[in-house]
Each structure stands twice: as C-alpha cells, then as structure tokens.
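Each remark here refers to the structure printed beneath this line.
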Amino acid sequence: VARITLDELARRFELELVGDGALGVERVATLSGAAAGALTFLANPRYKKQLAETKATAVVLTRADLGACRTAALVAADPYLSYARIAALLHPAPHMAHGIDPTASVAAYAKVAPDAAVGARAVIGAGAVIGPRASIGPGAVVGEGCTIGADSRLEANVTLYAGVVLGRRCLIHSGAVLGADGFGMARAPEGWVKVPQVGGVRLGDDVEVGANTTIDRGAIDDTVIEDGVKLDNLIQVGHNVVIGAHTAIAGTTAIAGSTTLGKRCMIAGGVGIAGHLNIVDDVVVTARTFVTHSIDAAGVYSGSLGFDTQRRWQRRVARFRRLDGSKAGDKDTDGGDTDG
Amino acid sequence: VARITLDELARRFELELVGDGALGVERVATLSGAAAGALTFLANPRYKKQLAETKATAVVLTRADLGACRTAALVAADPYLSYARIAALLHPAPHMAHGIDPTASVAAYAKVAPDAAVGARAVIGAGAVIGPRASIGPGAVVGEGCTIGADSRLEANVTLYAGVVLGRRCLIHSGAVLGADGFGMARAPEGWVKVPQVGGVRLGDDVEVGANTTIDRGAIDDTVIEDGVKLDNLIQVGHNVVIGAHTAIAGTTAIAGSTTLGKRCMIAGGVGIAGHLNIVDDVVVTARTFVTHSIDAAGVYSGSLGFDTQRRWQRRVARFRRLDGSKAGDKDTDGGDTDG
Amino acid sequence: VARITLDELARRFELELVGDGALGVERVATLSGAAAGALTFLANPRYKKQLAETKATAVVLTRADLGACRTAALVAADPYLSYARIAALLHPAPHMAHGIDPTASVAAYAKVAPDAAVGARAVIGAGAVIGPRASIGPGAVVGEGCTIGADSRLEANVTLYAGVVLGRRCLIHSGAVLGADGFGMARAPEGWVKVPQVGGVRLGDDVEVGANTTIDRGAIDDTVIEDGVKLDNLIQVGHNVVIGAHTAIAGTTAIAGSTTLGKRCMIAGGVGIAGHLNIVDDVVVTARTFVTHSIDAAGVYSGSLGFDTQRRWQRRVARFRRLDGSKAGDKDTDGGDTDG
C-alpha cells in the first residue's frame, strides 16, 4: 500500500482540497473507526454526527457538510463516487500470479493466454479460451468452448457450463453457476419430458456476478447480460432473460424465463419478476416486490407491505381476509397463520 | 448432429405432416431466429404473429394454427411436448468419455462401473457405488457410501454428503448440495444444542435438481424425492420433506422441514411452504405464495399481491395498515416503508 | 455405535427413569419407525397418538405424557433438548482422518495443525492457519491468511475468501461462501464504479453456516457473526451485518448491508431485513416478513399474509387494490395478476 498526498488526490480526482495538502493517506476507514493515515467519507446523513469526532486524516464530503468537518477535507459533488475511485487506488484488487498452477487440469485444446492465471485444482475444458490477464480461481471449472475475456476474474469454485462467453473485466464470485439448463419441461402422460436447453449464456464487459448466483443457459437463443450489469448474491436468472446495460440487482432476487429488463434499472433485494415480461429502461423496483406484468414507463414501483407486532398484524390480516366480502366464520376461509 | 427428414419425424412421433416430407432439419430454432434447416414450434399465442415470417424449414403447431403457417408443418395435439421429443433427438445430451480421469480421487473401496465417467478433480468417497453409464462432473464430491443409479449425471462441483442415494437417469446441476444437515437445534440455557441429523436423502428415478439447490438430510428418517420430480435452481428442501412423484417446483421456492407434497403438484417460483404440512396430489401454487397450512383438496392456490407505482402503492399500504381499526397517527404503528 | 443402558443415560443427563434401567439403546428413531434398541422422543403434540404404538426401547418425554407411554421412559423437562444430547452421544459426528490428503494443495506458508485434517483436492492458501483437530473437506478452498479455529469443520466445496476468521467448533456446510465482496457500487456517468470491499468476515465460536449460504466481507469494517449463531441454507448476509450471539436464522432469509441483529433472536425462513437497521435482543420474526425499519423492543413481529384458493384470493386482491380509493376501471391500475 502506497501513501498518497491529499494534493495528489485532489488533482487526480478533480476535488477541492480544504486543509494541508502535504498530508498523506494510505488506507480507507469508517468515520468512527479511522485513525491517522486513513481517508474516510460522509455520504449517508445517518452518520453525520460522527464527522466531528473522526480521527481520520481526511474526509471526502459535500460542500454542505464542510462546516462540521474538523479534519482536512476533499469536497466532492458525489462523495461516495469519489471515495470509490480513491479506495480503488489505495486498495487495488489482488492479482494472482501468472501461469497455470501445476495442479490445475487444462484440456489439450484449451488456449490460456501467457499472462493469464489458472489456480490450484481449476479445470479448463477443451476448446476454452482464457484471455490476457484473466484469472481462474482455485477449484473453478470452465466448461468446453467457453470464452473468458481479457482481465476477467473467476473466483474460487465458480462453475461455467460449456459455451459460456464472458466479456472483458468481468468478476464472477465463488459458487456462481453460469450456463446450467433452463427449467424447461413439457408435460406428458408419463411425466415431465425435458426440453433440451441448447442456447448459451453471454456476458458483456464489466459484469459482476455475486456468490452462488445462477444464470441459466437459453432454451434456444442465449441468455444475455449486457455491459456493466451488477448482480448481487443468490440471484436466479432464468433462461432467455435479457438484462440491459448498467442495470443493478440486489441479492436473492429472481427473474423468470424470457423476461427482458431495460438499461440502468435498479432492482432491490428479494424481488420476483415473472416470466415473458418486458421492463423498460430506468425502472426502479423496491425490495420484495413481485412484478407480475410488464412495465412500460420509467419510474419507481413497489409491492411490499410493512410489518408490525404479531398481535397487531394478525388483526390486520383478519380484516384483509374479509375484504372479499366473506365473514369471519365462513367455511374454507384461510386460517391466516403468519408463523407456519 | 444428424439431418432428419420430416417424413421420419412424422412417423416416429406420430404427427401429421403438411408439406414436403423429403425436407430435412438438423437443429432447433425460435420462430424469429430460424433459418433453413431448422425446426421450430408455436405453443405460446404470444408468438403467433411470428409464424408468417419464420424462415424455418418446419414448424410444430396445432391444427388451429395451421392456416397461418407458410412453411412445412408438423401438426401436434401438444406442440411443446412434440417439440421437446424432437429436440432431444436433434440435440442429444453430451456424453463424458468413459473412465476415471487420472486427476480424480477415488477411494479404495468405491465401485465405479466400467462404463461410468468420473471427471477431472472429482472425489469419490469410500464405499460409494457409481452405476453404469453414470457420469460425475469435474470437481464433484460424492460422499462415503453414496449410490448413484445408472445413467445419472452429476454436473461439475455438485456435492453429495455421505449416504445419499440417487435412482436412475437423475440429473443434478452444479452447486447443488444434497445431504447437508437439516436445521435442527434444541434451545438450552447455554445456547443452541445441535440435534444430530442421522437420516439420509433418497431420490427416485428421473429426478432433476437445479443449480445451487439444497436438499437436507433427514433428522432421523430420510428426506425423499420421488420419481420424476423436477426442481429448479436455488430451492431449499428441509429435512424430512417428501416430494411426491412428478411434482415440479420453480426457482427460489423453500419448503420447511417435515412437509409432504403430493404427486403431480406444480409449485411456482418464490413460494414458501411452512413445515409439518401435508399437501395433497395435484395442487398448483402460484408464484410468491406463502403456504401456511395444509391443503386437502386439489386446485389452484394463491397468496401474492400485485404491485404498482410506488406512490399509489404507498397510499394503498397506508389504508391497509388502518384495517386493524387504528388511525394514522397511532403510536407504534408500522411506518409502512416499502423500500427499506 | 455403542450400546448404552437407560440407567447410564438417566444418570448422565439427569433424567428420571421409568422402567427397566438395564435395557440398552444404540440408535435413535422416530416414534413410528422405531424398533427394539432404539431411543425416541415425544416433543411435538402432533405425534402424541403414535406414543401408544411405538416399538422403541425407550422414549424421552414430559411427565404429562408419561401416562400414555407403554415402554420405558426417560422423563425430561425439555424432551427435545435431552434427546439432542443423547443423540449426540449415540451418533457422534464422523471424523476425517488426520493429516493432509496427498491430493490437497497446501501453500508453502500455510500452517496446518498436526492433528487437523485436509481432504482430497482441498486448497489452502498462503498464510492460512488451520487449528487443532479442524477439518477441511474435499474440494474446499481456504483463502490466503484465513484462520480456522480448533475443532472447526468445513464440509466439501466450501469457499473462504482471503482473511476470513473462524472461531472454535464452527461447522460450515458445503457450497457456503464466506468473504465474497459486498455489493457496493457508486453510480457514475459511465456506469457503476465498484467500491473496494476491504473489510473481512469474523465468526465466533460454535457458529453453524448452512449449505450455499453467503456471508459477504465488509466494505471497510468486518462483517461479524457472534458466538453460537446458527444459520440455515441459502441465507444472504450483506456486508457489515452484525449478528448477535445465539441468534438463529432459518433458510432463504436475506439481511441487507450494515444491519445489526441482537442476541438470541429467532428469524424464521424467507424473511427479508432491510439495510442499516438495528434489531434489539430477543426479537422473533415470523416467516416471510419484510422488516423495513429498526425494532427497539423484544417481541414477536409478523408481516406475511395467508393464502387461499386462487378464486377467493383474486377477489380479495381486487378489493385490496381499491383501498387507495381508486375504482376498478381506473387507468393505470395494476392488473393484480397473481400467477405471472
């Protein structure tokens, strides 16, 4: 970790410096946990009261918060964004050593760039292409014919089925599975008949996929994740979903098959999106909403209820149940349990 | 991939051919993406308008849609089912090469059928039995004493704990975990005391388990997944659950411990089913429903609300909160946030 | 498995014996499935009718249930807890053989205790410390600089990123991922800018983490799981979450970043907890609740609706939609679909 002066940071990131530019920082910290040598930031008003007490060397903040600051300050239009850029400079992502670990298993007809890294126990299938400076973590499995673009990184124990294509600078976290069969079955008298899933999965550049997230391969055409999409952990992306560029989706959200999401959408956690829908660009969906039909106008959409003490909630649910016009004692009425 | 004539397809799958039976197809495609040599299908009326424009060589469709078709047609009572069978013929599942990869780790007392396949870096525990033509993907771990039936397939990085039993022709997708401890704990003054989970997991024939799905071992008796059950990705199946034959469950659904599901049920995505319930045969549960009590009659069950613009939704939630008879300003009333 | 007399069990676990103390048991069983030599228990009144028919050698039960028991009995204040302790004696957890499997990959600067076990194909990064009697399952990956406390156990295919710290007697189930990047991004004109996640993950003693559960590393400070916490499968724990000692959380629950949960909480399955909240000690949240704001008093909280036949449910939803004062035919009203 290098020490960088505030003068240098102000110049490089086009920020206004208030204080001694010769001071240096070498790591990031929280407002409350910072010590000398640390840079911190104030973006969430929830933490403003900690500003007066911080022991950081410098704080990135807005002009509006400057008055309450007793340390050196870097004034930014968007402190969180400027903090992100500075933090990336102070804490660069670790790099795996070049080359193929002797315990990795690389098929004869795979091509691994000389400056790529393949970790211990990783498995690279026949015909796979691992681009320049890409890294494949320990235990990761790259299926036959996959393409991994330059500077992409698969963390440990990632699984790519055959034919998955990643652009440049993608980051795939551990346990993610890309290219498993979509859930396609036809009903027959003897049971379910599997519909072969012959499409692929294609990721653009700068896509991040969270831990244990699953992205199914297409039934016929490909499942497509466009440039700059960010997916959190434990997300399910069904077959033939298309996610538009720079859309971000938080954890445990699920998107059913053949739905298209627009660009720059923000989908919060625990959301469900039904299949075969079309969601336009710049849609925001708040947490735990179930999107049941297409959305044709940008805006913010919601569908969750709050919560309350169990006692009060049960009373409310009892009245909700009577909204259908039935009375409390009606036969066959849902018991309304809330705790299973 | 072989080329097959329409005459041959009509004969083999008992379909009525309309058009030139000497034409051949060699792959499947979508209506809109098809080129010469491709077979496609029309099942969802949403896509009917594409029928007139398709460049496919042949379309599988119902008699009712035949009038709008300008290519050769195979008329089927259930076009999706017939398509599934034809696609399986045109796109057979890839087969791993026979034999044990030299980098696999097979315990001394495991039995691997001579025509089974064990992939790179796979680990087979002592006493495990791998049946004829079964295949174990790269990095998969098969615990001690497991039994894998004939023609079953474990994809890369699947984990089976000790003693898990799979029938024939099962397909287990990457990241799935079968046989982890059920969530059983007893409360003691010093904290939680773990209840040993000594049951197992048993799958019948033709079961498919999606990527990163978890099926816990039983507390005492086994967790049982009967023949022909199809599970999508990221599903949680608690200890001692029994899932009846030919039931299909979509992604991110969770079933709590000791619940029994009947045969031929269809459970949509994002559903929760509480523990210790009994659900009869032929029950359909729509997406995002929370099943809080047993179901004793076949039929369709629902429990999700829709969604709306945030503004309209918040107004609705505010009124919902007052269903308990309280007024807006009452102390301790839930704030009704919808976006956390 | 050893045979133990009822006299010995009564003495060791301070239970009252009713019946022949010379009888022995050697395994556990359910009331309905038990045969001679088995010990079983009655805790859930749902199963009381099976008591008269059981073929078990002995039953652990309350004094209130003693009258209906026809076998030897061990009378306990909390039969489930006493059963848990006896079952642990009869069915000790399997132990991996000491030592490092020759196919494991252990970095030069890692320290593995002589009586620890490292399984086939496991990968231990540089600087990692594996404590006494700890075991690392097949295919598990322990990142650089991790610390695994004494007697902790990682099952097969677990992934720990760099710097994760586990206390003593932890149990991490297969597919769990600890220490992946938290979901932190800042919006910039050109798209999302990743915020480096430089914090860690720290687990106390006696923590259990379920299969395919994900616990993200902190953005700056650590994500902290205190002593005795029990997490079920497929749970998402966001960056900088703190979970207080002896809290238990059931499957598929998700906790967004920077939320603090108190001690001894019980969070049921499918719950969502928004970010930046504070939940006090001894809070119970029932299944499928969405916790949208902080909770400052111990108690039971709920937020789920029931379910019903689709027909009745749709009628109810239609009225719910009109709670905002709009009428059925209003433009732009949510269609209220429940099955997507």
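Labels for the structure tokens follow display order: chains A, B, ..., residues from 1 in each chain, ligands from 1.
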
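Once Arg27 of chain A and its same-chain neighbours fewer than 6 positions away are set aside, A:Val1, A:Ala2, A:Arg3, A:Gly37, A:Ala38, A:Leu39, A:Thr40, A:Ala87, A:Leu90, A:His91 remain within 9 Å of it when counting only C-alpha atoms.
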
Should the cut-off be 7 Å, what would the residue list for chain C against chain B look like, counting only C-alpha atoms, as a PyMOL selection string?
chain C and resi 29-30+80-81+84+87-88+91+120-121+139+156+173-175+211-212+228+232+246+274-275+292-293+306-310+313+317+321+323-324+334+336-339

As a PyMOL selection string, please: every residue in segment 35-92 of chain C that a backbone DSSP assignment puts in strand (DSSP E).
chain C and resi 38-41+58-61+72-75

Correct to one decimal, the distance atom CA of Leu203 of chain A-atom CA of Ser135 of chain A is 16.3 Å

Residue set, segment 221-326 of chain B restricted to helix (DSSP H, G or I), as a PyMOL selection string:
chain B and resi 310-324

For segment 258-260 of chain B: contacts at 7 Å, only C-alpha atoms, fewer than 2 positions along chain excluded, given as a list in words
His239, Asn240, Val241, Val242, Ile243, Ala256, Gly262, Gly275, His276, Leu277, Asn278 and Ile279 of chain B

When you draw a straight line from atom CA of Val165 of chain B to atom CA of Cys146 of chain B, how long is it in Å?
5.6 Å

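Between atom CA of Met96 of chain B and atom CA of Tyr109 of chain A lies a distance of 16.0 Å.
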